[in-house]
file final.cif (mmCIF, C-alpha atoms)
data_work
#
loop_
_atom_site.label_atom_id
_atom_site.label_comp_id
_atom_site.auth_asym_id
_atom_site.auth_seq_id
_atom_site.Cartn_x
_atom_site.Cartn_y
_atom_site.Cartn_z
CA ILE A 1 0.00 0.00 0.00
CA ALA A 2 2.83 2.40 0.86
CA ALA A 3 4.52 1.65 -2.47
CA LEU A 4 1.28 2.42 -4.31
CA LEU A 5 0.91 5.71 -2.45
CA VAL A 6 4.49 6.71 -3.22
CA GLY A 7 4.07 5.74 -6.87
CA SER A 8 0.88 7.75 -7.14
CA ALA A 9 2.47 10.76 -5.49
CA SER A 10 5.50 10.63 -7.77
CA ALA A 11 3.31 10.36 -10.85
CA PHE A 12 1.37 13.51 -9.88
CA GLN A 13 2.86 16.79 -11.01
CA ALA A 14 1.20 19.98 -9.84
CA PRO A 15 0.73 22.72 -12.44
CA THR A 16 3.39 25.41 -12.29
CA MET A 17 3.41 29.05 -13.40
CA THR A 18 6.54 30.86 -14.55
CA PHE A 19 7.17 34.59 -14.83
CA SER A 20 9.65 36.09 -17.27
CA LEU A 21 11.69 39.09 -16.09
CA GLY A 22 13.57 39.61 -19.30
CA LYS A 23 15.37 36.35 -19.00
CA LYS A 24 14.86 33.41 -21.26
CA ALA A 25 12.60 30.87 -19.66
CA LYS A 26 13.98 27.41 -19.13
CA LYS A 27 12.62 24.64 -21.25
CA ALA A 28 10.28 22.22 -19.53
CA ALA A 29 11.61 18.78 -18.82
CA PRO A 30 10.67 16.23 -21.47
CA LYS A 31 7.67 14.07 -20.61
CA LEU A 32 8.31 10.49 -19.71
CA GLN A 33 7.24 7.98 -22.30
CA GLY A 34 5.33 4.82 -21.47
CA VAL A 35 4.01 6.06 -18.13
CA GLY A 36 0.41 4.96 -17.63
CA PRO A 37 -1.97 3.97 -14.89
CA SER A 38 -0.92 1.24 -12.50
CA PRO A 39 -2.45 -2.23 -12.80
CA SER A 40 -4.29 -1.55 -9.56
CA ALA A 41 -5.82 1.63 -10.98
CA GLU A 42 -6.89 -0.23 -14.13
CA ALA A 43 -8.51 -2.97 -12.04
CA TRP A 44 -10.59 -0.41 -10.16
CA ALA A 45 -11.34 1.56 -13.32
CA ASN A 46 -12.95 -1.58 -14.79
CA ALA A 47 -14.70 -2.52 -11.54
CA GLY A 48 -18.08 -4.21 -11.62
CA PRO A 49 -20.89 -4.76 -9.12
CA SER A 50 -20.15 -6.77 -6.01
CA ILE A 51 -22.44 -9.66 -5.08
CA ALA A 52 -21.32 -9.66 -1.44
CA LEU A 53 -21.61 -5.88 -1.06
CA PRO A 54 -24.39 -4.60 -3.35
CA PHE A 55 -23.64 -1.01 -2.34
CA ALA A 56 -19.98 -1.34 -3.39
CA SER A 57 -18.03 -2.43 -6.45
CA ALA A 58 -15.53 -5.21 -7.02
CA PRO A 59 -12.24 -4.77 -8.92
CA ALA A 60 -11.88 -6.39 -12.31
CA THR A 61 -9.49 -8.96 -10.83
CA LEU A 62 -12.55 -10.61 -9.22
CA ASP A 63 -14.36 -11.76 -12.34
CA GLY A 64 -16.26 -14.62 -10.70
CA SER A 65 -14.18 -17.38 -12.31
CA MET A 66 -12.75 -18.61 -8.99
CA LEU A 67 -14.88 -20.84 -6.79
CA GLY A 68 -16.51 -18.82 -4.03
CA ASP A 69 -15.76 -15.45 -5.64
CA VAL A 70 -18.58 -13.06 -4.70
CA GLY A 71 -16.72 -9.81 -5.34
CA PHE A 72 -15.70 -9.11 -1.74
CA ASP A 73 -12.51 -7.07 -1.78
CA PRO A 74 -13.14 -3.63 -0.23
CA LEU A 75 -9.42 -3.13 0.51
CA GLY A 76 -8.23 -4.16 -2.95
CA PHE A 77 -5.97 -7.05 -1.98
CA SER A 78 -6.62 -8.77 -5.31
CA THR A 79 -5.18 -5.75 -7.15
CA THR A 80 -1.80 -6.10 -5.43
CA PRO A 81 0.87 -8.23 -7.19
CA VAL A 82 1.48 -11.50 -5.40
CA GLY A 83 4.52 -13.61 -6.12
CA PRO A 84 5.57 -17.20 -5.50
CA TRP A 85 6.94 -16.74 -2.00
CA PHE A 86 8.94 -19.97 -2.15
CA SER A 87 11.04 -18.89 -5.15
CA GLY A 88 13.42 -16.62 -3.27
CA LEU A 89 13.57 -12.85 -3.52
CA GLU A 90 12.19 -12.89 -7.06
CA GLY A 91 8.81 -13.72 -5.55
CA SER A 92 8.22 -10.02 -4.99
CA ASN A 93 7.90 -9.56 -8.76
CA GLY A 94 4.55 -11.29 -8.86
CA VAL A 95 1.75 -11.03 -11.34
CA ILE A 96 -1.32 -9.03 -10.47
CA GLY A 97 -4.49 -11.02 -10.13
CA ASN A 98 -2.75 -14.20 -8.96
CA LEU A 99 -5.47 -15.08 -6.46
CA GLU A 100 -4.20 -18.58 -5.74
CA TRP A 101 -1.99 -17.34 -2.92
CA TYR A 102 -4.79 -15.35 -1.36
CA ARG A 103 -7.03 -18.41 -1.58
CA GLU A 104 -4.31 -20.47 0.11
CA ALA A 105 -4.16 -17.96 2.98
CA GLU A 106 -7.96 -17.87 3.23
CA ILE A 107 -8.29 -21.64 3.50
CA ILE A 108 -5.46 -22.06 6.02
CA HIS A 109 -6.72 -19.25 8.25
CA GLY A 110 -10.26 -20.58 7.93
CA ARG A 111 -9.27 -24.09 8.98
CA ILE A 112 -7.41 -22.76 12.00
CA ALA A 113 -10.45 -20.66 12.90
CA GLN A 114 -12.71 -23.73 12.73
CA VAL A 115 -10.47 -25.59 15.15
CA ALA A 116 -10.38 -22.52 17.40
CA VAL A 117 -14.19 -22.31 17.49
CA VAL A 118 -14.33 -25.93 18.63
CA GLY A 119 -11.71 -25.11 21.27
CA PHE A 120 -13.88 -22.28 22.60
CA ILE A 121 -17.01 -24.46 22.85
CA TRP A 122 -15.71 -27.93 23.74
CA PRO A 123 -14.55 -27.34 27.37
CA GLY A 124 -17.90 -25.91 28.43
CA LEU A 125 -19.88 -28.76 26.88
CA PHE A 126 -17.75 -31.83 27.54
CA GLY A 127 -15.37 -30.73 30.27
CA THR A 128 -11.63 -30.19 30.42
CA LEU A 129 -8.62 -32.48 30.71
CA PRO A 130 -7.76 -33.80 34.18
CA GLY A 131 -4.77 -32.37 35.97
CA ASN A 132 -2.24 -34.11 38.19
CA GLU A 133 0.27 -33.27 40.90
CA TRP A 134 2.97 -32.38 38.37
CA THR A 135 0.88 -30.03 36.22
CA GLY A 136 -1.45 -28.95 39.01
CA LEU A 137 -4.89 -30.35 39.71
CA ASP A 138 -6.60 -27.33 38.16
CA ALA A 139 -4.14 -26.74 35.30
CA TYR A 140 -6.77 -27.50 32.66
CA SER A 141 -9.92 -26.58 34.59
CA ASN A 142 -10.47 -23.10 33.13
CA THR A 143 -13.22 -23.02 30.48
CA ASN A 144 -12.26 -19.54 29.27
CA PRO A 145 -9.64 -20.19 26.55
CA LEU A 146 -8.01 -16.79 27.02
CA GLU A 147 -7.35 -17.39 30.70
CA ALA A 148 -6.59 -21.08 30.17
CA PHE A 149 -3.76 -20.17 27.79
CA SER A 150 -1.79 -18.62 30.66
CA GLN A 151 -2.79 -21.33 33.13
CA VAL A 152 -1.71 -24.50 31.33
CA PRO A 153 1.89 -25.72 31.67
CA GLY A 154 4.47 -24.34 29.27
CA LEU A 155 5.27 -27.81 27.92
CA ALA A 156 1.67 -28.19 26.76
CA ILE A 157 1.99 -24.96 24.76
CA LEU A 158 5.29 -26.23 23.38
CA GLN A 159 3.64 -29.43 22.12
CA ILE A 160 1.03 -27.40 20.26
CA PHE A 161 3.72 -25.16 18.77
CA LEU A 162 5.83 -28.12 17.59
CA PHE A 163 2.81 -29.82 16.02
CA MET A 164 1.87 -26.62 14.18
CA THR A 165 5.47 -26.28 12.97
CA PHE A 166 5.39 -29.83 11.61
CA LEU A 167 2.16 -29.12 9.70
CA GLU A 168 3.54 -25.90 8.21
CA ILE A 169 6.79 -27.55 7.09
CA ARG A 170 4.80 -30.35 5.48
CA ARG A 171 2.55 -27.84 3.70
CA ILE A 172 5.53 -25.89 2.37
CA ARG A 173 7.12 -29.09 1.04
CA ILE A 174 3.92 -30.00 -0.79
CA ILE A 175 3.85 -26.54 -2.38
CA GLN A 176 7.46 -26.88 -3.48
CA GLU A 177 6.90 -30.37 -4.93
CA GLU A 178 3.70 -29.49 -6.80
CA GLY A 179 4.95 -26.15 -8.14
CA SER A 180 2.52 -24.50 -10.53
CA ASN A 181 0.20 -27.54 -10.29
CA TYR A 182 -0.45 -26.95 -6.60
CA GLN A 183 -4.09 -26.48 -5.63
CA PRO A 184 -4.71 -24.07 -2.72
CA GLY A 185 -5.36 -25.91 0.52
CA ASP A 186 -4.28 -29.31 -0.81
CA LEU A 187 -2.72 -31.32 2.01
CA ARG A 188 -2.99 -34.65 0.14
CA ILE A 189 -5.87 -35.73 2.32
CA GLY A 190 -9.14 -37.03 0.89
CA GLN A 191 -10.12 -38.73 -2.35
CA GLY A 192 -7.60 -39.32 -5.06
CA GLU A 193 -4.80 -41.72 -5.90
CA GLY A 194 -2.00 -41.87 -3.34
CA ARG A 195 -3.85 -39.72 -0.80
CA TYR A 196 -4.79 -40.40 2.79
CA ASN A 197 -8.50 -41.19 2.59
CA PRO A 198 -9.63 -42.86 5.84
CA PHE A 199 -13.35 -42.29 5.14
CA GLY A 200 -13.26 -43.61 1.57
CA LEU A 201 -14.54 -40.38 0.03
CA ASN A 202 -15.45 -40.70 -3.64
CA TYR A 203 -17.37 -37.67 -4.90
CA THR A 204 -18.23 -36.84 -8.48
CA PRO A 205 -16.56 -33.69 -9.88
CA GLU A 206 -19.76 -31.72 -9.29
CA GLU A 207 -20.11 -33.00 -5.72
CA TYR A 208 -16.44 -32.35 -5.03
CA GLU A 209 -16.75 -28.74 -6.17
CA GLU A 210 -19.79 -28.31 -3.94
CA LYS A 211 -17.84 -29.67 -0.95
CA GLN A 212 -15.03 -27.21 -1.70
CA LEU A 213 -17.54 -24.36 -1.69
CA GLN A 214 -19.01 -25.60 1.59
CA GLU A 215 -15.56 -25.60 3.16
CA LEU A 216 -14.98 -22.02 1.99
CA LYS A 217 -18.25 -20.89 3.53
CA HIS A 218 -17.46 -22.64 6.81
CA CYS A 219 -13.98 -21.10 6.83
CA ARG A 220 -15.33 -17.59 6.34
CA LEU A 221 -18.02 -18.08 8.97
CA ALA A 222 -15.50 -19.50 11.45
CA MET A 223 -13.12 -16.55 10.98
CA ILE A 224 -15.92 -14.14 11.83
CA GLY A 225 -17.22 -16.36 14.64
CA VAL A 226 -13.90 -16.85 16.39
CA PHE A 227 -13.36 -13.10 16.46
CA GLY A 228 -16.74 -12.69 18.18
CA LEU A 229 -15.92 -15.47 20.65
CA TRP A 230 -12.57 -13.90 21.45
CA ALA A 231 -14.05 -10.42 21.93
CA GLN A 232 -16.83 -11.71 24.20
CA ALA A 233 -14.46 -13.83 26.28
CA GLN A 234 -12.12 -10.85 26.59
CA ALA A 235 -14.96 -8.59 27.74
CA SER A 236 -16.74 -11.02 30.10
CA GLY A 237 -13.94 -13.24 31.39
CA THR A 238 -16.16 -16.34 31.18
CA GLY A 239 -16.56 -19.19 28.73
CA VAL A 240 -19.06 -19.07 25.89
CA ILE A 241 -21.19 -21.94 27.25
CA ASP A 242 -21.44 -20.24 30.66
CA GLN A 243 -22.61 -17.08 28.94
CA LEU A 244 -25.20 -18.93 26.86
CA GLY A 245 -26.47 -20.76 29.95
CA ALA A 246 -26.86 -17.51 31.87
CA GLY A 247 -28.74 -15.99 28.96
CA LEU A 248 -31.40 -18.75 29.14
CA VAL A 249 -32.20 -18.19 32.83
CA ALA A 250 -34.87 -15.68 33.80
CA PRO A 251 -33.45 -13.10 36.25
CA ASP A 252 -35.18 -12.26 39.54
CA TYR A 253 -36.39 -8.86 38.46
CA TYR A 254 -38.14 -10.43 35.45
CA ALA A 255 -40.04 -12.87 37.66
CA LYS A 256 -41.25 -10.02 39.88
CA ALA A 257 -42.09 -7.55 37.12
CA GLY A 258 -45.82 -6.81 36.98
CA TYR A 259 -46.56 -8.55 40.29
CA PHE A 260 -48.68 -6.04 42.17
CA LEU A 261 -50.89 -8.28 44.33
CA PRO A 262 -49.98 -9.01 47.96
CA GLU A 263 -48.52 -12.41 48.69
CA GLY A 264 -51.05 -15.13 49.50
CA ILE A 265 -53.74 -13.88 47.14
#

call {"tool": "encode", "arguments": {"input": "final.cif", "output": "structure tokens"}}
result
Amino acid sequence: IAALLVGSASAFQAPTMTFSLGKKAKKAAPKLQGVGPSPSAEAWANAGPSIALPFASAPATLDGSMLGDVGFDPLGFSTTPVGPWFSGLEGSNGVIGNLEWYREAEIIHGRIAQVAVVGFIWPGLFGTLPGNEWTGLDAYSNTNPLEAFSQVPGLAILQIFLFMTFLEIRRIRIIQEEGSNYQPGDLRIGQGEGRYNPFGLNYTPEEYEEKQLQELKHCRLAMIGVFGLWAQAQASGTGVIDQLGAGLVAPDYYAKAGYFLPEGI
């Protein structure tokens, strides 16, 4: 964004006025050849209506050809060049409109958000892990994930970190092996030859595309939902299930509202 602002500022030249006091005026600098609008400006100049935001427009880079594309890009991320990050420093010279990398980020963040939503809800519904004398009897007893994060032993956090590191390294290796044939979000799990398919999934191409769209919708919903869960837990200091349970109980003042007759009548 800063580079775009600097480029726009350098391309703008304010009109100037010169006065001659008997001296020969200097010749104006020659105009630069081949200077035109940036790809980002062209994408917004050819913008079309947005399905997700009917009151806004979508840049031309979102033409609806990608699965799940509903023209939602108010900040213009799709108009920013994105390069192959695993090709060294030359990755910064990407090609505008390469949405595959944004889709990869969307799917990965969405999957993490889905797991996080389960982590917010599970302890209140099914209970927490038991503690012991080494970890502390109440080490895992907190149902508020934000407070539980600072209560659990450090080695438990380390296990989570190491497991996440293993998954990221494996994902990067798959991207490097597949190269330009890599499909965003493909972890070699599910139907297909040579893939880990414990449930024996075998969808038709139409069904498989529908499942991909369902995953995208769940990812987007989970990213919004986990933000709401985090904000509410931060504000209230209690778990989400405790809050929902309290919301279903009639308070004392509600039971007494409108009761004007003396007791016993």

call {"tool": "residues_around", "arguments": {"input": "final.cif", "residues": "stretch 161-172 of chain A", "least_positions_apart": "3", "cutoff": "12 Å", "atoms": "all atoms listed in the file", "output": "JSON, numbers by chain"}}
result
{"A": [84, 85, 86, 87, 104, 105, 108, 112, 154, 155, 156, 157, 158, 175, 176, 177, 178, 179, 182, 183, 184, 185, 186, 187, 188, 189]}

call {"tool": "atom_distance", "arguments": {"input": "final.cif", "atom1": "atom CA of A:Val70", "atom2": "atom CA of A:Thr204"}}
result
24.1 Å

call {"tool": "resolve_selection", "arguments": {"input": "final.cif", "expression": "the PyMOL selection byres ((chain A and resi 239) around 6)", "output": "compact mmCIF listing (two decimals) with C-alpha atoms, in the frame of the given file"}}
result
# COMPACT_ATOMS: atom_id res chain seq x y z
CA THR A 143 -13.22 -23.02 30.48
CA ASN A 144 -12.26 -19.54 29.27
CA THR A 238 -16.16 -16.34 31.18
CA VAL A 240 -19.06 -19.07 25.89
CA ILE A 241 -21.19 -21.94 27.25
CA ASP A 242 -21.44 -20.24 30.66

call {"tool": "resolve_selection", "arguments": {"input": "final.cif", "expression": "the PyMOL selection byres ((chain A and resi 205-217) around 9)", "output": "list in words"}}
result
Leu67, Gly68, Glu106, Ile107, Gly110, Arg111, Asn202, Tyr203, Thr204, His218, Cys219, Arg220, Leu221 and Ala222 of chain A

call {"tool": "residues_around", "arguments": {"input": "final.cif", "residues": "A:Ala139", "least_positions_apart": "2", "cutoff": "9 Å", "atoms": "only C-alpha atoms", "output": "PyMOL selection string"}}
result
chain A and resi 129-132+135-137+141-142+148+151-153

call {"tool": "atom_distance", "arguments": {"input": "final.cif", "atom1": "atom CA of A:Gly200", "atom2": "atom CA of A:Ala116"}}
result
26.5 Å

call {"tool": "closest_residue", "arguments": {"input": "final.cif", "among": "A:Gly64, A:Gly194, A:Pro59, A:Gly119", "to": "A:Ala47", "atoms": "only C-alpha atoms"}}
result
A:Pro59

call {"tool": "atom_distance", "arguments": {"input": "final.cif", "atom1": "atom CA of A:His109", "atom2": "atom CA of A:Ile224"}}
result
11.1 Å

call {"tool": "decode", "arguments": {"input": "final.cif", "residues": "stretch 100-137 of chain A", "atoms": "N, CA and C atoms", "output": "PDB file, in the first residue's frame"}}
result
ATOM      1  N   GLU A 100      -4.421 -17.270  -6.350  1.00  0.00           N
ATOM      2  CA  GLU A 100      -4.201 -18.581  -5.742  1.00  0.00           C
ATOM      3  C   GLU A 100      -3.567 -18.454  -4.360  1.00  0.00           C
ATOM      4  N   TRP A 101      -2.669 -17.485  -4.208  1.00  0.00           N
ATOM      5  CA  TRP A 101      -1.990 -17.344  -2.921  1.00  0.00           C
ATOM      6  C   TRP A 101      -2.919 -16.745  -1.868  1.00  0.00           C
ATOM      7  N   TYR A 102      -3.800 -15.855  -2.296  1.00  0.00           N
ATOM      8  CA  TYR A 102      -4.790 -15.345  -1.356  1.00  0.00           C
ATOM      9  C   TYR A 102      -5.778 -16.448  -0.963  1.00  0.00           C
ATOM     10  N   ARG A 103      -6.135 -17.302  -1.889  1.00  0.00           N
ATOM     11  CA  ARG A 103      -7.026 -18.415  -1.575  1.00  0.00           C
ATOM     12  C   ARG A 103      -6.346 -19.384  -0.611  1.00  0.00           C
ATOM     13  N   GLU A 104      -5.057 -19.612  -0.808  1.00  0.00           N
ATOM     14  CA  GLU A 104      -4.309 -20.469   0.115  1.00  0.00           C
ATOM     15  C   GLU A 104      -4.362 -19.905   1.526  1.00  0.00           C
ATOM     16  N   ALA A 105      -4.120 -18.596   1.660  1.00  0.00           N
ATOM     17  CA  ALA A 105      -4.159 -17.961   2.984  1.00  0.00           C
ATOM     18  C   ALA A 105      -5.558 -18.017   3.574  1.00  0.00           C
ATOM     19  N   GLU A 106      -6.575 -17.838   2.740  1.00  0.00           N
ATOM     20  CA  GLU A 106      -7.956 -17.869   3.234  1.00  0.00           C
ATOM     21  C   GLU A 106      -8.309 -19.247   3.779  1.00  0.00           C
ATOM     22  N   ILE A 107      -7.939 -20.287   3.062  1.00  0.00           N
ATOM     23  CA  ILE A 107      -8.287 -21.641   3.495  1.00  0.00           C
ATOM     24  C   ILE A 107      -7.539 -22.011   4.772  1.00  0.00           C
ATOM     25  N   ILE A 108      -6.246 -21.696   4.835  1.00  0.00           N
ATOM     26  CA  ILE A 108      -5.460 -22.061   6.016  1.00  0.00           C
ATOM     27  C   ILE A 108      -5.968 -21.313   7.242  1.00  0.00           C
ATOM     28  N   HIS A 109      -6.194 -20.008   7.112  1.00  0.00           N
ATOM     29  CA  HIS A 109      -6.719 -19.250   8.249  1.00  0.00           C
ATOM     30  C   HIS A 109      -8.113 -19.744   8.635  1.00  0.00           C
ATOM     31  N   GLY A 110      -8.926 -20.095   7.640  1.00  0.00           N
ATOM     32  CA  GLY A 110     -10.264 -20.584   7.931  1.00  0.00           C
ATOM     33  C   GLY A 110     -10.256 -21.909   8.660  1.00  0.00           C
ATOM     34  N   ARG A 111      -9.357 -22.807   8.290  1.00  0.00           N
ATOM     35  CA  ARG A 111      -9.271 -24.092   8.978  1.00  0.00           C
ATOM     36  C   ARG A 111      -8.812 -23.916  10.424  1.00  0.00           C
ATOM     37  N   ILE A 112      -7.855 -23.032  10.631  1.00  0.00           N
ATOM     38  CA  ILE A 112      -7.408 -22.761  12.001  1.00  0.00           C
ATOM     39  C   ILE A 112      -8.553 -22.165  12.812  1.00  0.00           C
ATOM     40  N   ALA A 113      -9.329 -21.278  12.193  1.00  0.00           N
ATOM     41  CA  ALA A 113     -10.449 -20.659  12.896  1.00  0.00           C
ATOM     42  C   ALA A 113     -11.510 -21.693  13.269  1.00  0.00           C
ATOM     43  N   GLN A 114     -11.738 -22.684  12.402  1.00  0.00           N
ATOM     44  CA  GLN A 114     -12.713 -23.729  12.725  1.00  0.00           C
ATOM     45  C   GLN A 114     -12.267 -24.540  13.940  1.00  0.00           C
ATOM     46  N   VAL A 115     -10.983 -24.867  13.995  1.00  0.00           N
ATOM     47  CA  VAL A 115     -10.469 -25.588  15.152  1.00  0.00           C
ATOM     48  C   VAL A 115     -10.566 -24.720  16.409  1.00  0.00           C
ATOM     49  N   ALA A 116     -10.315 -23.420  16.256  1.00  0.00           N
ATOM     50  CA  ALA A 116     -10.383 -22.515  17.404  1.00  0.00           C
ATOM     51  C   ALA A 116     -11.805 -22.394  17.936  1.00  0.00           C
ATOM     52  N   VAL A 117     -12.796 -22.375  17.045  1.00  0.00           N
ATOM     53  CA  VAL A 117     -14.192 -22.310  17.489  1.00  0.00           C
ATOM     54  C   VAL A 117     -14.544 -23.548  18.314  1.00  0.00           C
ATOM     55  N   VAL A 118     -14.097 -24.706  17.855  1.00  0.00           N
ATOM     56  CA  VAL A 118     -14.326 -25.929  18.626  1.00  0.00           C
ATOM     57  C   VAL A 118     -13.634 -25.826  19.984  1.00  0.00           C
ATOM     58  N   GLY A 119     -12.429 -25.257  20.013  1.00  0.00           N
ATOM     59  CA  GLY A 119     -11.713 -25.105  21.274  1.00  0.00           C
ATOM     60  C   GLY A 119     -12.414 -24.170  22.247  1.00  0.00           C
ATOM     61  N   PHE A 120     -13.129 -23.179  21.730  1.00  0.00           N
ATOM     62  CA  PHE A 120     -13.879 -22.280  22.600  1.00  0.00           C
ATOM     63  C   PHE A 120     -15.095 -22.981  23.209  1.00  0.00           C
ATOM     64  N   ILE A 121     -15.738 -23.869  22.424  1.00  0.00           N
ATOM     65  CA  ILE A 121     -17.008 -24.459  22.852  1.00  0.00           C
ATOM     66  C   ILE A 121     -16.826 -25.773  23.605  1.00  0.00           C
ATOM     67  N   TRP A 122     -15.870 -26.574  23.203  1.00  0.00           N
ATOM     68  CA  TRP A 122     -15.714 -27.933  23.744  1.00  0.00           C
ATOM     69  C   TRP A 122     -15.584 -27.983  25.266  1.00  0.00           C
ATOM     70  N   PRO A 123     -14.709 -27.201  25.912  1.00  0.00           N
ATOM     71  CA  PRO A 123     -14.548 -27.344  27.370  1.00  0.00           C
ATOM     72  C   PRO A 123     -15.835 -27.117  28.152  1.00  0.00           C
ATOM     73  N   GLY A 124     -16.667 -26.160  27.713  1.00  0.00           N
ATOM     74  CA  GLY A 124     -17.902 -25.907  28.433  1.00  0.00           C
ATOM     75  C   GLY A 124     -18.945 -26.992  28.253  1.00  0.00           C
ATOM     76  N   LEU A 125     -18.893 -27.716  27.137  1.00  0.00           N
ATOM     77  CA  LEU A 125     -19.878 -28.765  26.876  1.00  0.00           C
ATOM     78  C   LEU A 125     -19.456 -30.119  27.419  1.00  0.00           C
ATOM     79  N   PHE A 126     -18.203 -30.480  27.220  1.00  0.00           N
ATOM     80  CA  PHE A 126     -17.750 -31.830  27.536  1.00  0.00           C
ATOM     81  C   PHE A 126     -16.708 -31.884  28.650  1.00  0.00           C
ATOM     82  N   GLY A 127     -16.342 -30.743  29.196  1.00  0.00           N
ATOM     83  CA  GLY A 127     -15.369 -30.729  30.275  1.00  0.00           C
ATOM     84  C   GLY A 127     -13.938 -30.562  29.789  1.00  0.00           C
ATOM     85  N   THR A 128     -13.041 -30.433  30.728  1.00  0.00           N
ATOM     86  CA  THR A 128     -11.631 -30.195  30.415  1.00  0.00           C
ATOM     87  C   THR A 128     -10.792 -31.423  30.762  1.00  0.00           C
ATOM     88  N   LEU A 129      -9.529 -31.377  30.407  1.00  0.00           N
ATOM     89  CA  LEU A 129      -8.620 -32.475  30.706  1.00  0.00           C
ATOM     90  C   LEU A 129      -8.318 -32.512  32.203  1.00  0.00           C
ATOM     91  N   PRO A 130      -8.094 -33.708  32.742  1.00  0.00           N
ATOM     92  CA  PRO A 130      -7.761 -33.795  34.175  1.00  0.00           C
ATOM     93  C   PRO A 130      -6.323 -33.358  34.438  1.00  0.00           C
ATOM     94  N   GLY A 131      -6.121 -32.753  35.574  1.00  0.00           N
ATOM     95  CA  GLY A 131      -4.772 -32.371  35.973  1.00  0.00           C
ATOM     96  C   GLY A 131      -4.142 -33.427  36.864  1.00  0.00           C
ATOM     97  N   ASN A 132      -2.921 -33.193  37.279  1.00  0.00           N
ATOM     98  CA  ASN A 132      -2.241 -34.106  38.189  1.00  0.00           C
ATOM     99  C   ASN A 132      -1.322 -33.289  39.098  1.00  0.00           C
ATOM    100  N   GLU A 133      -0.590 -33.970  39.943  1.00  0.00           N
ATOM    101  CA  GLU A 133       0.267 -33.274  40.904  1.00  0.00           C
ATOM    102  C   GLU A 133       1.393 -32.516  40.209  1.00  0.00           C
ATOM    103  N   TRP A 134       1.847 -33.027  39.064  1.00  0.00           N
ATOM    104  CA  TRP A 134       2.968 -32.379  38.370  1.00  0.00           C
ATOM    105  C   TRP A 134       2.511 -31.109  37.661  1.00  0.00           C
ATOM    106  N   THR A 135       1.383 -31.201  36.947  1.00  0.00           N
ATOM    107  CA  THR A 135       0.882 -30.033  36.223  1.00  0.00           C
ATOM    108  C   THR A 135       0.046 -29.120  37.101  1.00  0.00           C
ATOM    109  N   GLY A 136      -0.486 -29.674  38.184  1.00  0.00           N
ATOM    110  CA  GLY A 136      -1.448 -28.948  39.011  1.00  0.00           C
ATOM    111  C   GLY A 136      -2.838 -29.509  38.768  1.00  0.00           C
ATOM    112  N   LEU A 137      -3.586 -29.712  39.832  1.00  0.00           N
ATOM    113  CA  LEU A 137      -4.886 -30.348  39.708  1.00  0.00           C
ATOM    114  C   LEU A 137      -5.868 -29.513  38.888  1.00  0.00           C
TER     115      LEU A 137
END
